[in-house]
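**Q** Just passing along the structure, written as structure tokens.
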Amino acid sequence: MRKILITGSLGQIGTELTMYLREQYGNDNVIASGLRKEGPDYIFESGPFEIVDILNAQQVADACEKHNVNTVINLAALLSAVAEGNPQLAYNINMNGLFNILEVARERGAAVFTPSSIAAFGPSTPADNTPQDTIQRPTTIYGVTKVGGELLCDYYYKRFGVDTRGVRFPGLISYKALPGGGTTDYAVHIYYEALKQKKYASFIDKGTQMDMMYMPDAIKAIHDLMEADPSKLVHRNAFNVTAMSFDPEKIAAEIRKHIPEFELTYDVDPVKQAIANSWPNSLDDSCAKEEWGWKPDYTLETMTIDMLDKLSEKLGISYK
């Protein structure tokens, strides 16, 4: 039976992943953690929670020892746009924090899942149908740390036998928790504003294609990869995964099928736009499909229906 420690469990991915994995493995077998006990009550009421700063290796080790942890899912990180505002902190958390996780895992014989990102690519990477194995020269500190993290996880597997696994996530869209400062966050905000204001000013410019994924598929990817047969994993870390690719106009057009009066305008953020311009338009996820059976459940059309339905209920705003 897995005993799982999730770092960064109070973030956009963590709040949903924690509850999903508690359903899969039992509440007491999934230990949520974060810098402070501030977040949804259901996280703290449904299972164990520990204060863990991944920059403090002893705190990581103590939590693992206390709960007999054999799997760590490391979600603690500074995201792309926020990281550009504080590159020193981003490097410290994203690299040194990961190093601490891997060292504790090496000592305990534990497995580690660490997500990478489309930010690991750069402007010299093939932009369309980006291959699994290709040039990676990112131009952001977030991207630099993600490439470094991929290599570090590969090293710990090859050198020490640590069972490291990971995916390169595209932008993630969720109705449950707001994102934490990423370049693709507009694709979440647009649904909120469509319901609340019937209009939205995008900080990403028209025609900017980026890969995206609905959160249920992201949770599924983590679970499926962690449970995959290791003998079939050629890459192990940093699998390309995707579900859809669109620009702001395309998502707006899908929303107008349900809210015809919705208006999209632009108030482009030059920092976030520059980051977006350096990322791929679409990813080739054939290796994930071949090695562990990856297959997303949601398209832009089905995600939009679910997002609007769930958000209208959450916000108390009828749109039908």
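Order determines the names: the first chain of the structure tokens is A, the second B, and so forth; residues in each chain are numbered 1 upward, and ligands are numbered 1 upward as they are shown.
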Residues at most 7 Å from A:Leu35, counting only C-alpha atoms, excluding those fewer than 3 positions away in the same chain, as a list in words?
**A**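 The neighbour list is Ile51, Val52 and Asp53 of chain A.
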**Q** Kindly provide the residues of stretch 207-320 of chain A that approach stretch 111-135 of chain A to within 10 Å, each paired with its closest atom pair and their distance in Å to one decimal, based on only C-alpha atoms, listed by chain and increasing number, as a Markdown table.
**A**
```
| residue | atom | partner | partner_atom | distance |
| --- | --- | --- | --- | --- |
| A:Gln209 | CA | A:Ala127 | CA | 9.8 |
| A:Met210 | CA | A:Ile118 | CA | 9.1 |
| A:Asp211 | CA | A:Ile118 | CA | 8.2 |
| A:Met212 | CA | A:Ile118 | CA | 9.9 |
| A:Ile222 | CA | A:Phe113 | CA | 7.8 |
| A:His223 | CA | A:Phe113 | CA | 9.8 |
| A:Leu225 | CA | A:Phe113 | CA | 8.9 |
| A:Met226 | CA | A:Phe113 | CA | 7.3 |
| A:His235 | CA | A:Gln132 | CA | 9.0 |
| A:Arg236 | CA | A:Phe113 | CA | 9.8 |
| A:Asn237 | CA | A:Thr114 | CA | 8.1 |
| A:Ala238 | CA | A:Ser116 | CA | 5.9 |
| A:Phe239 | CA | A:Gln132 | CA | 6.8 |
| A:Asn240 | CA | A:Gln132 | CA | 5.9 |
| A:Val241 | CA | A:Ile118 | CA | 9.3 |
| A:Thr242 | CA | A:Ile118 | CA | 9.8 |
| A:Ile275 | CA | A:Ala119 | CA | 8.2 |
| A:Ala276 | CA | A:Ala119 | CA | 8.7 |
| A:Asn277 | CA | A:Pro123 | CA | 7.4 |
| A:Ser278 | CA | A:Pro123 | CA | 4.5 |
| A:Trp279 | CA | A:Gly122 | CA | 5.6 |
| A:Pro280 | CA | A:Ala127 | CA | 4.2 |
| A:Asn281 | CA | A:Ala127 | CA | 5.3 |
| A:Ser282 | CA | A:Asn129 | CA | 5.0 |
| A:Leu283 | CA | A:Asn129 | CA | 4.5 |
| A:Asp284 | CA | A:Asn129 | CA | 4.7 |
| A:Asp285 | CA | A:Gln132 | CA | 7.0 |
| A:Ser286 | CA | A:Gln132 | CA | 8.0 |
| A:Cys287 | CA | A:Gln132 | CA | 6.9 |
| A:Ala288 | CA | A:Gln132 | CA | 9.0 |
```
**Q** Please identify every residue of stretch 113-190 of chain A that has at least one atom no farther than 9 Å from an atom of stretch 265-274 of chain A, counting only C-alpha atoms, and for each give the shortest atom pair and the distance in Å to one decimal, arranged by chain then increasing number, as a tab-separated table.
**A**
```
residue	atom	partner	partner_atom	distance
A:Gly182	CA	A:Lys272	CA	8.3
A:Thr183	CA	A:Lys272	CA	5.4
A:Thr184	CA	A:Lys272	CA	8.6
```
**Q** Taking the backbone alone, and naming residues the way the document does, which bits of stretch 2-137 of chain A are helix (DSSP H, G or I) by DSSP, as a VMD selection string?
**A** chain A and resid 12 to 25 27 to 29 41 to 46 57 to 67 80 to 85 87 to 108 118 to 120
**Q** With distances taken over only C-alpha atoms, which of A:Glu107, A:Asp297, A:Glu45, A:Glu38 is nearest to A:Asn70?
**A**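 The closest residue to A:Asn70 is A:Glu107.
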**Q** Enter the distance from atom CA of A:Gly171 to atom CA of A:Val104, in Å, rounded to one decimal.
**A** 29.4 Å
**Q** Could you name the residues that touch stretch 74-80 of chain A at 7 Å or less, counting only C-alpha atoms, but leaving out those on the same chain fewer than 2 positions away, as a list in words?
**A**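 Contacts, in chain order: Ile6, Thr7, Gly8, Ser9, Gly14, Val72, Val82, Ala83, Glu84, Ala90, Ile93, Asn94, Phe113, Thr114, Tyr142, Gly180, Gly181, Gly182 and Thr183 of chain A.
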**Q** Give the strand (DSSP E) residues of stretch 3-243 of chain A, as DSSP finds them on the backbone, and put them as a ChimeraX atom specification.
**A** /A:4-7,30-34,49-51,71-74,111-113,116-117,164-165,167-169,171-173,199-202,210-214,239-240
**Q** Rounded to one decimal place, report the atom CA of A:Ile190-atom CA of A:Thr18 distance in Å.
**A**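 Here the two named atoms are 25.7 Å from each other.
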**Q** What is the distance, in Å and to one decimal place, between atom CA of A:Ile219 and atom CA of A:Ile251?
**A**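 We find that atom CA of A:Ile219 and atom CA of A:Ile251 lie 22.0 Å from each other.
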**Q** Would you kindly return, as an MDAnalysis selection string, each protein, DNA or RNA residue with an atom no farther than 7 Å from any atom of A:Thr145, considering only C-alpha atoms and excluding same-chain residues fewer than 4 positions away?
**A** chainID A and resid 91 94:95 141 149
**Q** Find, counting only C-alpha atoms, the residue in A:Thr304, A:Asn100, A:Gln136, A:Asn92 that gets nearest to A:Tyr175.
**A** A:Thr304
**Q** Go through A:Leu172, A:Met215, A:Met307, A:Leu5 one by one, measure the shortest atom-to-atom distance of each to A:Arg22 using only C-alpha atoms, and give the residue with the smallest value.
**A**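 The closest residue to A:Arg22 is A:Leu5.
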**Q** For each of A:Val60, A:Gly109, A:Met19, A:Gly166, take the minimum atom-to-atom distance to A:Gly97, counting only C-alpha atoms, then give the residue where this is smallest.
**A**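 Ranked by minimum distance to A:Gly97, first place goes to A:Val60.
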**Q** Which residues are near A:Asp229? Cut-off 12 Å, only C-alpha atoms, ignore same chain within fewer than 6 positions. Put them as a list in words.
**A**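 Contacts, with the query itself left out: Asp163, Arg165, Arg236, Glu291, Trp292 and Gly293 of chain A.
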